[in-house]
Every structure is written in C-alpha cells, then in structure tokens.
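For reference, the structure is listed below as structure tokens.
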Amino acid sequence: MPLYRCNTCGGTYRDADSQGVSYFHVCPPLSDAEFSAFDPMTQAALYPGVTLPVDPVARLQYAHDHPAARPNARNENVPPGFQHPPRTADDTTPLDAAPMISDGLGRTVLA
Ligand SMILES: [Zn+2]
C-alpha cells in the first residue's frame with residue numbers, strides 16, 4: 001500500500017489503514033502559524049464577506065476561532081449524491097473510480 005504526501009498540506013497518508021479500512025484524505029484548515037505567514041491582503045481574501053480586525057492580535061484570534069479553509073484543499077471524499085451510471089445486472093465490467101470532491105494540488109507517492 002503506497003504512502004502518499006498531499007501536495008497542498010504536506011500530510012502523509014495511505015489509502016487504507018493496516019486493517020484495510022479506507023481513508024479519504026481531507027486537508028485540515030489553516031493553522032494559526034500558516035494564517036500568520038500570509039500578508040494581510042491574503043488573510044482578508046480567506047474570509048470573503050468578513051471584515052477582519054485590523055489589530056494583528058485580534059485578527060489572529062479571529063482566525064484561530066474561525067479556521068479558514070486551506071486554499072487548494074484536497075478532499076478525496078466522493079461528492080454527495082454521486083452515482084455511477086445505470087447498467088444492466090449482467091454487466092461485470094469494472095466501474096470507473098468515483099470522482100473526488102477536490103484534487104487540490106494532487107499528491108505524491110513517497111514509498
Ligand atoms: Zn492535504
């Protein structure tokens with residue numbers, strides 16, 4: 001079972017655990033440190049429709065309390081409501097892989 005690194009968040013994972021249980025990677029929201037590393041304009045763009053506090057401490061507190069979605073986040077979950085096209089009961093051809101919600105920046109095979 002290959003080990004992958006998410007090209008968006010840097011997280012490492014396998015598609016299933018040692019018991020064979022499937023894992024679908026979803027990037028976590030931005031950490032305080034990652035938020036702080038952005039310039040104020042980029043920080044503001046992470047919260048459309050919200051006026052962030054000007055004070056840096058209050059701004060970081062807001063971001064801490066309302067973690068922003070990571071830009072280009074990867075979400076390997078299947079979109080809600082997805083169904084493979086209908087087929088006959090005797091059609092045994094393998095199904096195409098189900099789509100994922102977002103590929104983000106992709107992933108890299110590590111081992
Ligand atoms: Zn990720």
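By convention in this document, the chains of the structure tokens carry letters A, B, ... by their order, each chain's residues are numbered from 1, and ligands are numbered from 1 in the order they are shown.
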Expected answer as a VMD selection string: residues within 7 Å of ligand 1, only C-alpha atoms and all ligand atoms: chain A and resid 6 to 11 25 to 28 73 to 74
Those of chain A in DSSP strand (DSSP E), formatted as number ranges by chain: A: 4-6, 12-13, 107-109
Write the residues of the selection above to a file with C-alpha atoms, as an mmCIF file, in the first residue's frame.
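out_32.cif was written with the following content:
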data_model
loop_
_atom_site.group_PDB
_atom_site.id
_atom_site.type_symbol
_atom_site.label_atom_id
_atom_site.label_comp_id
_atom_site.auth_asym_id
_atom_site.auth_seq_id
_atom_site.Cartn_x
_atom_site.Cartn_y
_atom_site.Cartn_z
ATOM 1 C CA TYR A 4 1.374 9.495 -0.197
ATOM 2 C CA ARG A 5 2.124 13.127 0.603
ATOM 3 C CA CYS A 6 -0.616 15.661 -0.044
ATOM 4 C CA THR A 12 1.198 11.870 4.675
ATOM 5 C CA TYR A 13 -1.236 9.005 4.491
ATOM 6 C CA ARG A 107 -0.465 14.006 -4.193
ATOM 7 C CA THR A 108 2.977 12.465 -4.482
ATOM 8 C CA VAL A 109 3.883 8.812 -3.947
#
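Take the candidates A:Ala68, A:Met100, A:Met1, A:Ala63 and check each one against Gly81 in chain A using only C-alpha atoms; the shortest distance goes to A:Met100.
Proximity ranking of A:Pro67, A:Pro79, A:Pro86, A:Pro99 relative to Ser31 in chain A places A:Pro67 first, based on only C-alpha atoms.
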Per-residue DSSP, chain A, filtered to alpha helix (DSSP H), as an MDAnalysis selection string: chainID A and resid 32:37 40:45 56:65
